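Data first, discussion second: the structure below is written as structure tokens.
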Amino acid sequence: MLLPALPEFKRRHPGLTLRIEATHQYADFNASRVDVAIRYGREHSVGLKFEPLVAVKGLPVCAPALVKGGLKAPEDLSREVLIHLTTQPRAWPVWLREAGLQHLTPRGHLWLDSVPAMLEAAEQGLGVTLAMSPLIKARPSFGRKLMAPFAFEAAHSETIYLVSRTEQARDRRIAAVRRCIVEAVSRAK
């Protein structure tokens with residue numbers, strides 16, 4: 001979602017240098033030179049400003065071949081492998097409970113430690129994963145390599161936040177990064 005926005009950011013702000021780290025670890029604003037972070041969910045943190053970017057919901061996605069093979073309704077997940085993100089072990093159980101399928105037993109489970117690996121496994125037809133809607137819909141492969149097999153949408157959502165130090169919230173450089181991220185997120189909706 002953010003990488004396609006970087007050329008325009010660099011054009012608008014040639015004097016700013018970005019260093020992007022994609023990790024599941026929360027950025028440590030006290031022990032490092034982090035200026036901004038994007039966090040899934042909110043934790044209590046003194047001295048940090050949390051700005052909501054987008055509410056996301058789990059959306060099952062898979063390769064089109066699985067849909068052609070008969071994956072049409074949530075209960076059909078019993079014939080599939082569920083692909084999990086190791087850092088979010090409750091995601092599928094919560095989604096299944098909301099779908100009224102808390103006792104569903106899938107054909108198997110595949111646990112991966114990164115979102116890109118999870119999405120690639122789904123694109124390769126290895127199973128069904130939960131992606132973040134509406135962000136997944138901005139992915140170029142959505143609709144071709146990945147698709148939502150059914151219309152059920154869970155009610156449970158989480159928020160993705162932009163985080164900065166409170167004292168730096170008005171810094172022009174951070175404001176430029178904030179605008180870039182907000183614009184990228186709004187294009188994804």
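Naming scheme: A, B, ... for chains in displayed order of the structure tokens; residues 1 onward per chain; ligands 1 onward as shown.
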Give me every alpha helix (DSSP H) residue in stretch 105-183 of chain A, going by DSSP on the backbone, as a list in words.
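So the alpha helix (DSSP H) residues in stretch 105-183 of chain A would be Val115, Pro116, Ala117, Met118, Leu119, Glu120, Ala121, Ala122, Glu123, Arg172, Arg173, Ile174, Ala175, Ala176, Val177, Arg178, Arg179, Cys180, Ile181, Val182 and Glu183 of chain A.
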Name all residues at most 12 Å from stretch 36-53 of chain A (count only C-alpha atoms; drop same-chain ones fewer than 2 positions away) and give them as a count of residues only.
56
Suppose you want the space between atom CA of A:Leu6 and atom CA of A:Phe142; what is it in Å?
20.6 Å
By how many Å are atom CA of A:Ile136 and atom CA of A:Pro60 apart?
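Distance between the two atoms: 10.3 Å.
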I'd like a table as CSV: residues in stretch 117-150 of chain A with an atom no more than 12 Å from stretch 94-107 of chain A, each row giving the shortest atom pair and its distance in Å to one decimal, only C-alpha atoms counted, sorted by chain and rising residue number.
```
residue,atom,partner,partner_atom,distance
A:Leu126,CA,A:Arg107,CA,11.4
A:Gly127,CA,A:Arg107,CA,9.5
A:Val128,CA,A:Pro106,CA,10.3
A:Thr129,CA,A:Trp95,CA,11.1
A:Leu130,CA,A:Trp95,CA,8.7
A:Ala131,CA,A:Trp95,CA,11.4
A:Phe150,CA,A:Ala99,CA,11.6
```
Output N, CA and C atoms for every residue in the selection just made, as a compact mmCIF listing (two decimals), in the first residue's frame.
```
# COMPACT_ATOMS: atom_id res chain seq x y z
N LEU A 126 -2.37 -22.51 -1.53
CA LEU A 126 -2.08 -23.38 -0.40
C LEU A 126 -3.18 -23.37 0.66
N GLY A 127 -4.11 -22.42 0.57
CA GLY A 127 -5.19 -22.34 1.53
C GLY A 127 -5.85 -20.98 1.50
N VAL A 128 -6.58 -20.69 2.58
CA VAL A 128 -7.32 -19.42 2.70
C VAL A 128 -6.72 -18.66 3.88
N THR A 129 -6.50 -17.37 3.69
CA THR A 129 -5.96 -16.55 4.76
C THR A 129 -6.88 -15.39 5.04
N LEU A 130 -6.68 -14.76 6.17
CA LEU A 130 -7.42 -13.55 6.51
C LEU A 130 -6.56 -12.34 6.18
N ALA A 131 -7.07 -11.50 5.31
CA ALA A 131 -6.38 -10.26 4.95
C ALA A 131 -7.12 -9.09 5.58
N PHE A 150 -16.40 -15.40 -0.58
CA PHE A 150 -17.81 -15.24 -0.21
C PHE A 150 -18.01 -13.86 0.39
```
Length of the atom CA of A:Ser133 to atom CA of A:Ser78 vector [Å]:
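We find that atom CA of A:Ser133 and atom CA of A:Ser78 lie 22.4 Å from each other.
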